[in-house]
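Encoded as structure tokens, the structure appears first; notes follow it.
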Amino acid sequence: MLTLTVALTLTIAAAAHAHRGAQRPHWIDPFAWAVAICETGKGHNHPDARHRSSSYGGAWGWFIGTWQVDRYAGMPRFPWNATLRQQYRVFLRGRERGRYWGCIAHGGYRSWM
């Protein structure tokens, strides 16, 4: 039993460490990554792409109505069902359209750059 407990503890600790140390994919620019971490990173070093609440979701914390307007044809109805690559494309589109993100407006993303 002790061996199982130690193995489980080490596995959980390794998973938590990997969670904190996630690296930015090369295809996401540093600014976008910093905004996503600020919006949904929950204090970790990467965004929560599966984040969801009743009104907001995805790695960049979209208001669901905004996601549905900005998403490309054929993309999932909700951001948490989209891949990170799809979410990034929609983030870029939202930026082009002048969408609001609190972490951009208030400069919170700067601490993650």
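Ordering of the structure tokens sets the chain letters (A, B, ...), residue numbers begin anew at 1 in every chain, and ligands are numbered from 1 in the order given.
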Tell me, which residues of chain A carry DSSP helix (DSSP H, G or I), written as an MDAnalysis selection string? chainID A and resid 2:20 30:40 64:70 79:81 84:96 102:105 108:112
Output the selection as a short mmCIF file (atom, residue, chain, number, x, y, z; two decimals), in the first residue's frame - C-alpha atoms for each residue.
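Generated output (selection.cif):
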```cif
data_model
loop_
_atom_site.label_atom_id
_atom_site.label_comp_id
_atom_site.auth_asym_id
_atom_site.auth_seq_id
_atom_site.Cartn_x
_atom_site.Cartn_y
_atom_site.Cartn_z
CA LEU A 2 2.84 2.39 0.83
CA THR A 3 4.43 1.74 -2.59
CA LEU A 4 1.14 2.52 -4.34
CA THR A 5 0.71 5.72 -2.32
CA VAL A 6 4.25 6.90 -3.10
CA ALA A 7 3.87 6.07 -6.80
CA LEU A 8 0.55 7.89 -6.99
CA THR A 9 1.97 10.92 -5.18
CA LEU A 10 4.96 11.09 -7.55
CA THR A 11 2.68 10.77 -10.58
CA ILE A 12 0.43 13.58 -9.38
CA ALA A 13 3.42 15.79 -8.57
CA ALA A 14 4.95 15.18 -12.01
CA ALA A 15 1.65 16.03 -13.71
CA ALA A 16 1.33 19.23 -11.68
CA HIS A 17 4.90 20.22 -12.55
CA ALA A 18 4.28 19.60 -16.26
CA HIS A 19 1.13 21.71 -15.99
CA ARG A 20 3.08 24.68 -14.60
CA PRO A 30 4.10 35.60 -27.29
CA PHE A 31 1.54 38.41 -26.90
CA ALA A 32 -1.41 36.08 -27.61
CA TRP A 33 0.02 33.44 -25.24
CA ALA A 34 0.44 36.02 -22.47
CA VAL A 35 -3.16 37.19 -22.90
CA ALA A 36 -4.45 33.61 -22.74
CA ILE A 37 -2.44 32.88 -19.59
CA CYS A 38 -3.73 36.08 -18.02
CA GLU A 39 -7.34 35.32 -18.96
CA THR A 40 -7.55 31.63 -18.03
CA ILE A 64 -19.85 32.86 -25.74
CA GLY A 65 -21.77 35.24 -28.01
CA THR A 66 -18.53 36.80 -29.24
CA TRP A 67 -17.01 33.37 -29.92
CA GLN A 68 -20.06 32.42 -31.96
CA VAL A 69 -19.83 35.61 -34.05
CA ASP A 70 -16.04 35.43 -34.58
CA PRO A 79 -14.68 27.55 -27.58
CA TRP A 80 -13.89 24.79 -25.08
CA ASN A 81 -14.77 22.23 -27.77
CA LEU A 84 -6.08 25.36 -29.28
CA ARG A 85 -5.12 26.07 -32.91
CA GLN A 86 -8.75 26.92 -33.77
CA GLN A 87 -9.02 29.11 -30.68
CA TYR A 88 -5.85 30.96 -31.67
CA ARG A 89 -7.25 31.67 -35.15
CA VAL A 90 -10.40 33.10 -33.57
CA PHE A 91 -8.33 35.17 -31.13
CA LEU A 92 -6.47 36.72 -34.08
CA ARG A 93 -9.76 37.42 -35.83
CA GLY A 94 -11.16 38.99 -32.66
CA ARG A 95 -8.11 41.24 -32.35
CA GLU A 96 -8.57 42.37 -35.96
CA GLY A 102 -9.79 42.51 -19.86
CA CYS A 103 -6.16 41.43 -19.66
CA ILE A 104 -5.33 43.56 -22.70
CA ALA A 105 -7.37 46.56 -21.56
CA GLY A 108 -2.47 42.19 -16.99
CA TYR A 109 -0.89 40.22 -19.82
CA ARG A 110 2.43 42.08 -19.29
CA SER A 111 3.31 40.02 -16.23
CA TRP A 112 3.28 36.88 -18.41
#
```
From a backbone DSSP assignment, name each residue in chain A labelled strand (DSSP E), as a tab-separated table (two decimals) with N, CA and C atoms, in the first residue's frame.
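Generated output (out_35.tsv):
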```tsv
chain	number	residue	atom	x	y	z
A	56	TYR	N	-18.55	32.37	-20.35
A	56	TYR	CA	-17.22	32.54	-20.92
A	56	TYR	C	-16.52	31.20	-21.08
A	57	GLY	N	-15.55	31.13	-22.00
A	57	GLY	CA	-14.83	29.87	-22.14
A	57	GLY	C	-13.66	29.95	-23.10
A	62	TRP	N	-13.42	33.74	-24.01
A	62	TRP	CA	-14.43	34.45	-24.79
A	62	TRP	C	-15.78	34.52	-24.12
A	63	PHE	N	-16.46	35.62	-24.29
A	63	PHE	CA	-17.89	35.66	-24.05
A	63	PHE	C	-18.47	34.78	-25.14
```
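Counting only C-alpha atoms, the residue from A:Ala82, A:Met113, A:Ile28, A:Met75 that sits nearest to A:Ala49 is A:Ala82.
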Smallest atom-to-atom distance to A:Arg52: which of A:Thr83, A:Tyr72, A:Phe78, A:Pro25, using only C-alpha atoms?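 Counting only C-alpha atoms, the residue closest to A:Arg52 is A:Phe78.
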